[in-house]
file protein.txt (compact mmCIF, C-alpha atoms)
# COMPACT_ATOMS: atom_id res chain seq x y z
CA MET A 1145 0.00 0.00 0.00
CA ARG A 1146 1.26 3.47 -0.91
CA ARG A 1147 1.84 5.89 1.94
CA GLY A 1148 2.21 9.63 1.56
CA PRO A 1149 1.58 11.92 -1.36
CA ILE A 1150 2.21 10.85 -4.93
CA PRO A 1151 5.17 12.81 -6.34
CA GLY A 1152 4.08 15.20 -9.07
CA ALA A 1153 0.38 15.02 -8.17
CA THR A 1154 0.29 18.73 -7.38
CA GLY A 1155 2.90 19.78 -9.93
CA ALA A 1156 2.48 21.61 -13.21
CA VAL A 1157 3.58 20.04 -16.47
CA HIS A 1158 6.09 22.25 -18.28
CA PRO A 1159 7.15 22.18 -21.93
CA LEU A 1160 10.42 20.34 -22.41
CA ARG A 1161 13.41 22.17 -23.81
CA THR A 1162 14.80 20.41 -26.86
CA TYR A 1163 18.26 19.81 -28.23
CA GLY A 1164 19.92 23.05 -29.31
CA ASP A 1165 18.34 25.16 -26.55
CA PRO A 1166 21.24 26.94 -24.81
CA VAL A 1167 20.00 25.93 -21.33
CA LEU A 1168 20.76 22.28 -22.20
CA HIS A 1169 24.33 23.09 -23.20
CA THR A 1170 25.25 25.31 -20.25
CA PRO A 1171 26.23 24.01 -16.81
CA SER A 1172 23.47 24.63 -14.26
CA ARG A 1173 24.17 26.79 -11.25
CA PRO A 1174 24.18 25.44 -7.69
CA VAL A 1175 21.05 25.85 -5.61
CA ALA A 1176 21.73 28.64 -3.12
CA ALA A 1177 20.03 29.38 0.20
CA GLY A 1178 17.73 31.88 -1.51
CA ASP A 1179 16.50 29.20 -3.93
CA ARG A 1180 15.44 26.75 -1.18
CA GLY A 1181 11.92 28.17 -0.79
CA SER A 1182 11.03 27.37 -4.41
CA LEU A 1183 12.41 23.80 -4.35
CA PRO A 1184 9.20 21.98 -3.28
CA VAL A 1185 7.30 23.46 -6.23
CA LEU A 1186 10.18 22.83 -8.64
CA VAL A 1187 10.54 19.19 -7.56
CA GLU A 1188 6.77 18.62 -7.90
CA ASP A 1189 6.82 20.22 -11.35
CA LEU A 1190 9.77 18.05 -12.40
CA TYR A 1191 7.95 14.88 -11.35
CA ALA A 1192 4.73 15.96 -13.08
CA THR A 1193 6.59 16.79 -16.29
CA MET A 1194 8.67 13.59 -16.19
CA TYR A 1195 5.59 11.40 -15.69
CA ALA A 1196 3.62 13.24 -18.39
CA ALA A 1197 6.48 12.60 -20.83
CA HIS A 1198 6.86 8.95 -19.73
CA GLY A 1199 10.44 9.46 -18.59
CA VAL A 1200 12.53 7.91 -15.83
CA GLY A 1201 14.49 11.06 -14.92
CA LEU A 1202 14.40 14.78 -15.51
CA ALA A 1203 16.82 17.62 -14.79
CA ALA A 1204 15.62 21.14 -14.01
CA CYS A 1205 17.38 22.56 -17.08
CA GLN A 1206 15.11 20.41 -19.26
CA ILE A 1207 12.21 22.66 -18.25
CA GLY A 1208 14.32 25.80 -18.56
CA VAL A 1209 15.38 26.16 -14.91
CA PRO A 1210 19.20 26.29 -14.77
CA LEU A 1211 19.51 24.89 -11.22
CA ARG A 1212 21.38 21.76 -10.12
CA VAL A 1213 18.31 19.62 -9.35
CA PHE A 1214 17.01 16.39 -10.84
CA VAL A 1215 14.32 13.81 -10.11
CA TYR A 1216 14.18 10.13 -10.98
CA ASP A 1217 11.79 7.20 -10.90
CA CYS A 1218 13.84 4.45 -12.43
CA PRO A 1219 14.23 0.69 -12.10
CA ASP A 1220 17.56 -1.03 -11.77
CA ASP A 1221 18.50 -4.23 -13.59
CA ASP A 1222 16.79 -6.29 -10.86
CA ASP A 1223 13.56 -4.34 -11.50
CA ARG A 1224 13.75 -2.59 -8.12
CA ARG A 1225 12.23 0.88 -8.33
CA HIS A 1226 14.25 3.90 -7.22
CA ARG A 1227 12.46 7.23 -6.83
CA GLY A 1228 13.75 10.51 -5.46
CA HIS A 1229 15.32 13.86 -6.12
CA VAL A 1230 18.74 15.37 -5.53
CA VAL A 1231 19.86 18.97 -5.13
CA ASN A 1232 23.43 20.08 -5.90
CA PRO A 1233 24.50 16.55 -6.86
CA ARG A 1234 28.09 15.45 -7.23
CA LEU A 1235 29.01 12.34 -9.17
CA VAL A 1236 31.49 10.82 -6.72
CA ARG A 1237 31.85 7.44 -8.40
CA ALA A 1238 31.31 6.08 -11.90
CA ASP A 1239 33.12 2.82 -12.43
CA GLY A 1240 32.75 -0.88 -13.00
CA VAL A 1241 32.32 -2.25 -16.48
CA THR A 1242 31.55 0.25 -19.23
CA VAL A 1243 28.31 -0.82 -20.86
CA ARG A 1244 26.97 0.39 -24.21
CA GLY A 1245 23.24 0.40 -23.69
CA PRO A 1246 20.32 2.04 -25.49
CA GLU A 1247 19.80 5.58 -24.34
CA GLY A 1248 17.38 8.29 -25.30
CA CYS A 1249 16.37 11.64 -23.89
CA LEU A 1250 13.15 13.56 -23.39
CA SER A 1251 14.94 16.60 -24.83
CA LEU A 1252 15.81 14.67 -28.02
CA PRO A 1253 12.50 12.94 -28.66
CA GLY A 1254 12.66 9.84 -30.79
CA PRO A 1255 16.18 8.59 -31.42
CA GLU A 1256 18.07 6.23 -29.16
CA ALA A 1257 21.67 5.10 -29.44
CA PRO A 1258 24.04 2.70 -27.71
CA THR A 1259 25.77 5.04 -25.25
CA PRO A 1260 28.74 4.06 -23.08
CA ARG A 1261 28.14 4.41 -19.34
CA ALA A 1262 29.73 3.01 -16.21
CA ASP A 1263 27.75 0.17 -14.65
CA VAL A 1264 28.05 1.69 -11.15
CA ALA A 1265 27.32 5.29 -10.16
CA VAL A 1266 27.19 7.10 -6.84
CA ILE A 1267 25.71 10.56 -6.46
CA GLU A 1268 25.96 12.66 -3.31
CA GLY A 1269 24.02 15.83 -2.68
CA GLU A 1270 21.08 17.07 -0.66
CA ASP A 1271 17.34 16.74 -0.60
CA MET A 1272 15.13 19.83 -0.82
CA THR A 1273 15.36 20.37 2.95
CA GLY A 1274 19.17 20.40 2.86
CA ALA A 1275 19.65 16.92 4.35
CA GLU A 1276 22.54 14.98 2.83
CA VAL A 1277 21.68 12.14 0.44
CA ARG A 1278 23.77 9.42 -1.16
CA ILE A 1279 22.32 7.53 -4.10
CA GLU A 1280 23.99 4.37 -5.34
CA GLY A 1281 22.94 2.80 -8.61
CA THR A 1282 23.90 -0.13 -10.77
CA GLY A 1283 22.94 -1.11 -14.29
CA TYR A 1284 20.06 0.85 -15.81
CA PHE A 1285 19.66 2.99 -12.67
CA ALA A 1286 23.38 3.92 -12.81
CA ARG A 1287 22.82 4.95 -16.44
CA CYS A 1288 19.89 7.15 -15.38
CA LEU A 1289 21.89 8.87 -12.62
CA GLN A 1290 24.80 9.60 -14.98
CA HIS A 1291 22.43 10.84 -17.71
CA GLU A 1292 20.69 13.33 -15.41
CA TYR A 1293 23.98 14.44 -13.87
CA ASP A 1294 25.32 15.11 -17.38
CA HIS A 1295 22.36 17.45 -18.01
CA LEU A 1296 23.39 19.55 -15.01
CA GLU A 1297 26.91 19.75 -16.44
CA GLY A 1298 25.55 21.09 -19.76
CA ARG A 1299 25.88 17.78 -21.63
CA VAL A 1300 23.39 15.57 -23.44
CA TYR A 1301 23.89 11.90 -24.22
CA THR A 1302 24.85 12.65 -27.83
CA ASP A 1303 28.02 14.29 -26.47
CA ARG A 1304 29.15 10.75 -25.54
CA LEU A 1305 28.57 9.43 -29.06
CA THR A 1306 31.02 9.53 -31.95
CA GLY A 1307 31.11 9.21 -35.70
CA TRP A 1308 28.21 7.84 -37.68
CA THR A 1309 26.11 7.06 -34.58
CA ARG A 1310 26.29 10.66 -33.38
CA ARG A 1311 25.47 12.07 -36.84
CA ARG A 1312 22.50 9.67 -37.24
CA VAL A 1313 20.98 10.59 -33.85
CA LEU A 1314 21.42 14.33 -34.38
CA ARG A 1315 19.88 14.06 -37.87
CA LYS A 1316 16.84 12.25 -36.43
CA ALA A 1317 16.53 14.79 -33.61
CA ALA A 1318 16.65 17.69 -36.08
CA ALA A 1319 13.99 16.05 -38.24
CA SER A 1320 11.63 15.65 -35.29
CA ASN A 1321 11.94 19.32 -34.17
call {"tool": "encode", "arguments": {"input": "protein.txt", "output": "structure tokens"}}
result
Amino acid sequence: MRRGPIPGATGAVHPLRTYGDPVLHTPSRPVAAGDRGSLPVLVEDLYATMYAAHGVGLAACQIGVPLRVFVYDCPDDDDRRHRGHVVNPRLVRADGVTVRGPEGCLSLPGPEAPTPRADVAVIEGEDMTGAEVRIEGTGYFARCLQHEYDHLEGRVYTDRLTGWTRRRVLRKAAASN
């Protein structure tokens, strides 16, 4: 039985920024003390937008807010569900086997490509109240954490692609815009 409010239930769905928008290619700024009051609304809006778009993660920059915040609701390879948010995250570990798995992005609707990611990722940061959090992921969940962290650094998954694969994905993304 579910206890507590459903994330995103009171949030507003925002339009997603798409590839080429400068906010997706610029590192997001840290959340400062003055930003803390708006975090509950931002986190709710991120969940609402992520669920409306059928995603498993969403960074604030993807809705045009250049703050270091992301949400996730993502399974790992054992089909265990991980749901939460992180403020001012730091990727403190990305190691293990490098796996090329299918990856897409809500900001590049349509194309997917085999993207190299570490099979283990650890993110440290805070929750919206300022309490410290540590998120450890493996497999698909590790991929999700690294993907959302990249957004906050001003990168999209195509930045990890090379050659023909990169050109193909960017061509498909341009055609769908």
call {"tool": "closest_residue", "arguments": {"input": "protein.txt", "among": "A:Tyr1293, A:Gly1269, A:Phe1285, A:Pro1253", "to": "Ala1204 in chain A", "atoms": "all atoms listed in the file"}}
result
A:Tyr1293
call {"tool": "closest_residue", "arguments": {"input": "protein.txt", "among": "A:Met1194, A:Val1215, A:Leu1305, A:Ala1286", "to": "Gly1240 in chain A", "atoms": "all atoms listed in the file"}}
result
A:Ala1286
call {"tool": "atom_distance", "arguments": {"input": "protein.txt", "atom1": "CA of Leu1168 in chain A", "atom2": "CA of Phe1214 in chain A"}}
result
13.3 Å
call {"tool": "residues_around", "arguments": {"input": "protein.txt", "residues": "Thr1306 in chain A", "least_positions_apart": "4", "cutoff": "12 Å", "atoms": "only C-alpha atoms", "output": "PyMOL selection string"}}
result
chain A and resi 1257-1260+1301-1302+1310-1314
call {"tool": "closest_residue", "arguments": {"input": "protein.txt", "among": "A:Ile1279, A:Leu1250, A:Ile1267, A:Ala1203", "to": "Ser1172 in chain A", "atoms": "all atoms listed in the file"}}
result
A:Ala1203
call {"tool": "closest_residue", "arguments": {"input": "protein.txt", "among": "A:Arg1161, A:Arg1225, A:Lys1316, A:His1169", "to": "Arg1299 in chain A", "atoms": "only C-alpha atoms"}}
result
A:His1169
call {"tool": "closest_residue", "arguments": {"input": "protein.txt", "among": "A:Arg1227, A:Arg1212, A:Arg1304, A:Arg1234", "to": "Ile1150 in chain A", "atoms": "all atoms listed in the file"}}
result
A:Arg1227
call {"tool": "closest_residue", "arguments": {"input": "protein.txt", "among": "A:Trp1308, A:Val1200, A:Arg1224, A:Met1272", "to": "Arg1287 in chain A", "atoms": "only C-alpha atoms"}}
result
A:Val1200
call {"tool": "atom_distance", "arguments": {"input": "protein.txt", "atom1": "CA of Glu1268 in chain A", "atom2": "CA of Tyr1163 in chain A"}}
result
27.0 Å
call {"tool": "atom_distance", "arguments": {"input": "protein.txt", "atom1": "CA of Gly1155 in chain A", "atom2": "CA of Pro1255 in chain A"}}
result
27.6 Å
